$ cat entry04.csv   # CSV, C-alpha atoms (C1' of nucleotides)
chain,number,residue,atom,x,y,z
S,1,MET,CA,54.4,15.7,-8.9
S,2,ARG,CA,57.4,13.8,-10.1
S,3,LYS,CA,59.8,12.8,-7.3
S,4,ALA,CA,62.8,14.2,-9.2
S,5,LYS,CA,61.1,17.5,-9.6
S,6,GLN,CA,60.2,17.5,-5.9
S,7,ASN,CA,63.8,16.9,-4.9
S,8,ALA,CA,64.9,19.7,-7.1
S,9,LEU,CA,62.5,22.1,-5.5
S,10,GLU,CA,63.5,21.0,-2.0
S,11,LYS,CA,67.2,21.7,-2.8
S,12,LYS,CA,66.1,25.3,-3.5
S,13,GLY,CA,64.5,25.6,0.0
S,14,TRP,CA,60.9,24.7,-0.9
S,15,LYS,CA,59.0,22.2,1.1
S,16,VAL,CA,56.6,20.2,-1.0
S,17,GLY,CA,53.5,19.1,0.9
S,18,SER,CA,49.9,19.7,1.6
S,19,ALA,CA,48.2,23.1,1.5
S,20,GLU,CA,48.0,23.0,5.2
S,21,GLU,CA,51.7,22.7,5.6
S,22,PHE,CA,52.2,25.4,3.1
S,23,LEU,CA,50.0,27.8,5.0
S,24,GLY,CA,51.6,26.7,8.3
S,25,LEU,CA,48.4,25.6,10.0
S,26,SER,CA,48.4,23.3,13.0
S,27,GLU,CA,46.2,20.1,13.1
S,28,GLN,CA,43.9,21.9,15.5
S,29,GLU,CA,43.5,24.8,13.1
S,30,ILE,CA,42.7,22.5,10.3
S,31,ALA,CA,40.1,20.7,12.3
S,32,TYR,CA,38.6,24.0,13.3
S,33,ILE,CA,38.3,25.1,9.7
S,34,GLU,CA,37.0,21.8,8.5
S,35,LEU,CA,34.4,21.9,11.3
S,36,LYS,CA,33.2,25.3,10.2
S,37,LEU,CA,33.0,24.2,6.5
S,38,GLU,CA,30.9,21.2,7.5
S,39,LEU,CA,28.5,23.4,9.3
S,40,SER,CA,28.5,25.8,6.3
S,41,ARG,CA,27.6,22.9,3.9
S,42,LYS,CA,24.9,21.8,6.3
S,43,LEU,CA,23.5,25.3,6.4
S,44,LYS,CA,23.4,25.6,2.6
S,45,ALA,CA,21.9,22.1,2.3
S,46,SER,CA,19.2,22.9,4.9
S,47,ARG,CA,18.3,26.2,3.3
S,48,THR,CA,18.1,25.0,-0.3
S,49,SER,CA,16.1,21.9,0.8
S,50,LYS,CA,13.5,24.4,2.1
S,51,LYS,CA,13.7,26.4,-1.1
S,52,LEU,CA,14.7,29.5,0.7
S,53,THR,CA,16.9,32.2,-0.8
S,54,GLN,CA,19.8,33.6,1.3
S,55,ALA,CA,17.7,36.7,1.8
S,56,ASP,CA,14.8,34.6,3.1
S,57,LEU,CA,17.1,32.9,5.6
S,58,ALA,CA,18.6,36.3,6.6
S,59,ARG,CA,15.1,37.4,7.6
S,60,VAL,CA,14.5,34.3,9.7
S,61,VAL,CA,17.7,34.7,11.6
S,62,ASN,CA,17.7,38.5,11.8
S,63,SER,CA,20.7,38.9,9.7
S,64,SER,CA,21.5,40.0,6.1
S,65,GLN,CA,21.9,38.3,2.8
S,66,SER,CA,25.6,39.2,2.7
S,67,ARG,CA,26.2,37.6,6.0
S,68,VAL,CA,24.4,34.4,5.0
S,69,ALA,CA,26.5,34.2,1.9
S,70,LYS,CA,29.6,34.5,4.1
S,71,MET,CA,28.3,31.8,6.4
S,72,GLU,CA,27.9,29.4,3.5
S,73,ALA,CA,31.3,30.4,2.2
S,74,GLY,CA,32.9,29.6,5.5
S,75,ASP,CA,34.2,33.1,5.7
S,76,PRO,CA,36.7,33.6,8.6
S,77,THR,CA,34.7,36.5,10.0
S,78,VAL,CA,31.8,34.1,10.7
S,79,SER,CA,31.6,32.5,14.1
S,80,ILE,CA,30.5,28.9,14.8
S,81,ASP,CA,28.0,30.4,17.1
S,82,LEU,CA,26.2,32.2,14.2
S,83,LEU,CA,26.3,29.0,12.1
S,84,VAL,CA,24.8,27.0,14.9
S,85,LYS,CA,22.1,29.5,15.7
S,86,SER,CA,21.2,29.7,12.1
S,87,LEU,CA,21.0,25.9,11.7
S,88,LEU,CA,18.8,25.7,14.8
S,89,ALA,CA,16.6,28.4,13.4
S,90,LEU,CA,16.2,26.3,10.3
S,91,GLY,CA,14.9,23.5,12.4
S,92,VAL,CA,18.0,21.4,12.4
S,93,SER,CA,18.2,19.4,15.7
S,94,LYS,CA,21.2,19.2,18.0
S,95,LYS,CA,21.5,15.6,17.0
S,96,GLU,CA,21.7,16.4,13.3
S,97,LEU,CA,24.3,19.0,14.1
S,98,GLY,CA,26.4,16.4,15.9
S,99,GLN,CA,26.1,14.1,12.9
S,100,ALA,CA,27.1,16.7,10.5
S,101,ILE,CA,30.4,16.9,12.2
S,102,SER,CA,32.6,14.1,10.8
U,1,MET,CA,2.6,21.5,42.6
U,2,ARG,CA,-1.0,20.9,43.5
U,3,LYS,CA,-3.4,21.7,40.7
U,4,ALA,CA,-5.5,23.9,42.9
U,5,LYS,CA,-2.5,26.0,43.8
U,6,GLN,CA,-1.6,26.3,40.2
U,7,ASN,CA,-5.0,27.6,39.2
U,8,ALA,CA,-4.9,30.1,42.0
U,9,LEU,CA,-1.6,31.4,40.8
U,10,GLU,CA,-2.7,31.6,37.2
U,11,LYS,CA,-5.7,33.7,38.2
U,12,LYS,CA,-3.2,36.2,39.6
U,13,GLY,CA,-1.5,36.4,36.2
U,14,TRP,CA,1.3,33.8,36.7
U,15,LYS,CA,1.9,31.2,34.2
U,16,VAL,CA,3.1,27.9,35.8
U,17,GLY,CA,5.5,26.0,33.7
U,18,SER,CA,9.0,25.0,33.0
U,19,ALA,CA,12.0,27.2,33.7
U,20,GLU,CA,12.3,27.7,30.0
U,21,GLU,CA,8.8,29.1,29.8
U,22,PHE,CA,9.4,31.2,32.8
U,23,LEU,CA,12.4,32.8,31.2
U,24,GLY,CA,10.7,33.1,27.9
U,25,LEU,CA,13.2,31.1,25.9
U,26,SER,CA,12.3,29.6,22.5
U,27,GLU,CA,13.1,26.1,21.6
U,28,GLN,CA,16.1,27.2,19.6
U,29,GLU,CA,17.5,29.2,22.4
U,30,ILE,CA,17.1,26.2,24.7
U,31,ALA,CA,18.9,23.9,22.2
U,32,TYR,CA,21.7,26.5,21.8
U,33,ILE,CA,22.2,26.7,25.6
U,34,GLU,CA,22.1,22.9,26.0
U,35,LEU,CA,24.6,22.5,23.2
U,36,LYS,CA,27.0,24.9,25.0
U,37,LEU,CA,26.5,23.1,28.3
U,38,GLU,CA,27.3,19.8,26.6
U,39,LEU,CA,30.6,21.2,25.3
U,40,SER,CA,31.3,22.7,28.7
U,41,ARG,CA,30.9,19.4,30.3
U,42,LYS,CA,33.1,17.7,27.7
U,43,LEU,CA,35.8,20.3,28.2
U,44,LYS,CA,35.8,19.8,32.0
U,45,ALA,CA,35.9,16.0,31.5
U,46,SER,CA,38.7,16.2,29.0
U,47,ARG,CA,40.7,18.5,31.2
U,48,THR,CA,40.3,16.6,34.4
U,49,SER,CA,41.0,13.3,32.7
U,50,LYS,CA,44.4,14.7,31.8
U,51,LYS,CA,44.9,15.9,35.4
U,52,LEU,CA,45.3,19.5,34.3
U,53,THR,CA,44.2,22.5,36.4
U,54,GLN,CA,42.2,25.3,34.8
U,55,ALA,CA,45.4,27.4,34.9
U,56,ASP,CA,47.2,24.6,33.0
U,57,LEU,CA,44.6,24.6,30.3
U,58,ALA,CA,44.6,28.3,30.1
U,59,ARG,CA,48.3,28.2,29.3
U,60,VAL,CA,47.7,25.7,26.5
U,61,VAL,CA,45.0,27.7,24.8
U,62,ASN,CA,46.5,31.2,25.5
U,63,SER,CA,43.7,32.2,27.8
U,64,SER,CA,43.3,32.8,31.5
U,65,GLN,CA,42.1,30.7,34.4
U,66,SER,CA,39.1,32.8,34.9
U,67,ARG,CA,38.0,32.3,31.3
U,68,VAL,CA,38.5,28.6,31.5
U,69,ALA,CA,36.3,28.6,34.6
U,70,LYS,CA,33.6,30.5,32.7
U,71,MET,CA,33.9,28.1,29.8
U,72,GLU,CA,33.2,25.2,32.1
U,73,ALA,CA,30.4,27.1,33.8
U,74,GLY,CA,28.7,27.7,30.4
U,75,ASP,CA,28.9,31.4,31.0
U,76,PRO,CA,26.9,33.4,28.5
U,77,THR,CA,29.9,35.5,27.6
U,78,VAL,CA,31.7,32.4,26.3
U,79,SER,CA,31.4,31.5,22.6
U,80,ILE,CA,31.0,28.1,21.1
U,81,ASP,CA,34.1,29.0,19.1
U,82,LEU,CA,36.2,29.3,22.2
U,83,LEU,CA,34.9,26.0,23.6
U,84,VAL,CA,35.5,24.2,20.3
U,85,LYS,CA,39.0,25.6,20.0
U,86,SER,CA,39.8,24.6,23.5
U,87,LEU,CA,38.5,21.1,23.1
U,88,LEU,CA,40.5,20.6,19.9
U,89,ALA,CA,43.6,22.0,21.7
U,90,LEU,CA,43.0,19.3,24.3
U,91,GLY,CA,43.2,16.7,21.6
U,92,VAL,CA,39.5,16.0,21.3
U,93,SER,CA,38.7,14.9,17.7
U,94,LYS,CA,36.0,16.4,15.6
U,95,LYS,CA,34.3,13.1,15.7
U,96,GLU,CA,34.2,13.1,19.5
U,97,LEU,CA,32.9,16.6,19.4
U,98,GLY,CA,30.0,15.5,17.3
U,99,GLN,CA,29.3,12.6,19.6
U,100,ALA,CA,29.3,14.9,22.6
U,101,ILE,CA,26.3,16.7,21.2
U,102,SER,CA,23.2,14.8,22.0
X,1,DT,C1',20.4,43.4,-25.7
X,2,DC,C1',18.1,44.4,-21.3
X,3,DA,C1',15.7,43.4,-16.8
X,4,DG,C1',15.0,40.4,-13.0
X,5,DT,C1',16.6,37.3,-9.4
X,6,DG,C1',19.9,35.1,-6.5
X,7,DT,C1',24.6,35.1,-4.8
X,8,DA,C1',29.4,37.0,-3.7
X,9,DT,C1',32.5,40.5,-1.9
X,10,DG,C1',34.3,44.7,0.3
X,11,DT,C1',33.6,48.1,3.9
X,12,DC,C1',32.2,50.2,8.3
X,13,DA,C1',30.0,51.7,12.8
X,14,DC,C1',28.5,49.3,16.5
X,15,DA,C1',27.9,45.1,19.4
X,16,DT,C1',29.9,41.2,21.7
X,17,DA,C1',33.6,38.2,23.3
X,18,DT,C1',38.3,38.2,24.9
X,19,DG,C1',42.4,37.9,28.2
X,20,DA,C1',43.9,39.9,32.2
X,21,DC,C1',43.5,41.2,36.7
X,22,DA,C1',41.6,41.4,41.5
X,23,DT,C1',39.4,39.0,44.7
X,24,DA,C1',36.3,35.7,46.8
X,25,DC,C1',35.3,31.0,47.9
X,26,DA,C1',36.4,25.9,49.0
X,27,DA,C1',38.9,22.1,50.5
X,28,DA,C1',43.0,20.0,52.4
X,29,DC,C1',46.6,20.0,55.5
X,30,DA,C1',49.8,21.6,59.1
F,1,DT,C1',44.4,28.9,63.4
F,2,DG,C1',46.9,30.1,58.9
F,3,DT,C1',48.7,28.4,54.4
F,4,DT,C1',48.4,26.4,50.0
F,5,DT,C1',46.1,25.0,45.8
F,6,DG,C1',42.4,25.0,42.8
F,7,DT,C1',38.1,27.2,41.3
F,8,DA,C1',34.5,31.0,40.9
F,9,DT,C1',33.0,35.7,40.0
F,10,DG,C1',33.1,40.7,38.7
F,11,DT,C1',35.1,44.3,35.9
F,12,DC,C1',37.5,46.5,32.1
F,13,DA,C1',40.1,47.9,27.7
F,14,DT,C1',40.6,46.0,23.5
F,15,DA,C1',40.0,42.6,19.9
F,16,DT,C1',36.7,40.2,17.1
F,17,DG,C1',32.2,39.4,15.1
F,18,DT,C1',27.9,41.6,13.4
F,19,DG,C1',24.1,43.6,10.4
F,20,DA,C1',23.7,46.8,6.9
F,21,DC,C1',24.8,48.8,2.8
F,22,DA,C1',26.8,49.3,-1.9
F,23,DT,C1',28.1,46.9,-5.6
F,24,DA,C1',29.8,43.1,-8.6
F,25,DC,C1',28.9,38.7,-10.6
F,26,DA,C1',26.1,34.7,-12.7
F,27,DC,C1',22.2,33.1,-14.7
F,28,DT,C1',17.6,33.2,-16.9
F,29,DG,C1',14.1,34.7,-19.8
F,30,DA,C1',12.1,38.3,-22.9
$ encode --input "entry04.csv" --output "structure tokens"
Amino acid sequence: MRKAKQNALEKKGWKVGSAEEFLGLSEQEIAYIELKLELSRKLKASRTSKKLTQADLARVVNSSQSRVAKMEAGDPTVSIDLLVKSLLALGVSKKELGQAIS
Amino acid sequence: MRKAKQNALEKKGWKVGSAEEFLGLSEQEIAYIELKLELSRKLKASRTSKKLTQADLARVVNSSQSRVAKMEAGDPTVSIDLLVKSLLALGVSKKELGQAIS
DNA sequence: TCAGTGTATGTCACATATGACATACAAACA
DNA sequence: TGTTTGTATGTCATATGTGACATACACTGA
């Protein structure tokens, strides 16, 4: 964005910044969301590397295809607990989990 | 335990083994519990290093002293989500979180 | 075009986690 | 002894997460 444009907007009461600022999220909230997304990506990567469908994984973890989809999408209704349990069920070690968090 | 004693017990229908076997926990369940305990310990360490009481921390994370005590005790009713949120609120970075998991 | 396969999204009844409260325990100190 | 400060434990109404279901979307091959 051009600086002049930004100044113009700010005169009208807009703050120009990152998406986080726009949404009013604190640093902690951002870190929490990022953490969940990292686990989501790890889950999808683990699943696809084993050539399982979401429905397959759902069976393994006693859940449903739709919930697996939400896990992988980082849906706000999905807990870290469920992500961690699913990852462990896929055979991912605690160590790998720690490494997936960056 | 003496081997003879063990055999005697097993004849009576007891299986002699680790606590995990006794409780009938799977490897995944053990890993999950260990993970939670590691976060618990990290939380307590972070809190005490800042010279905060459990009540102090409770205020910071909008919880209660009793729940903080349960977090640090690895109580089964405490979610990983709550532990992670509390750790982040204490200023622990994602990176440190990952490293705390071993 | 249609059918099959995998994934995404919305909703809901039910299960689990939550903060709050009471109260017990432990250690330090007068 | 009693008092204070910090921590542990049990319970409960309510908030949040859950599996399940329906259904939409995306892609592939016939």
$ interface_residues --input "entry04.csv" --of "chain U" --to "chain X" --cutoff "7 Å" --atoms "only C-alpha atoms (C1' of nucleotides)" --output "PyMOL selection string"
chain U and resi 63-64+77-78
$ atom_distance --input "entry04.csv" --atom1 "atom CA of U:Arg47" --atom2 "atom CA of S:Leu87"
28.7 Å
$ atom_distance --input "entry04.csv" --atom1 "atom CA of S:Ile33" --atom2 "atom CA of U:Leu39"
17.8 Å
$ interface_residues --input "entry04.csv" --of "chain U" --to "chain F" --cutoff "9 Å" --atoms "only C-alpha atoms (C1' of nucleotides)" --output "PyMOL selection string"
chain U and resi 53-55+65-66+69-70
$ atom_distance --input "entry04.csv" --atom1 "atom CA of U:Met71" --atom2 "atom CA of U:Leu83"
6.6 Å
$ interface_residues --input "entry04.csv" --of "chain U" --to "chain S" --cutoff "7 Å" --atoms "all atoms listed in the file" --output "count of residues only"
15
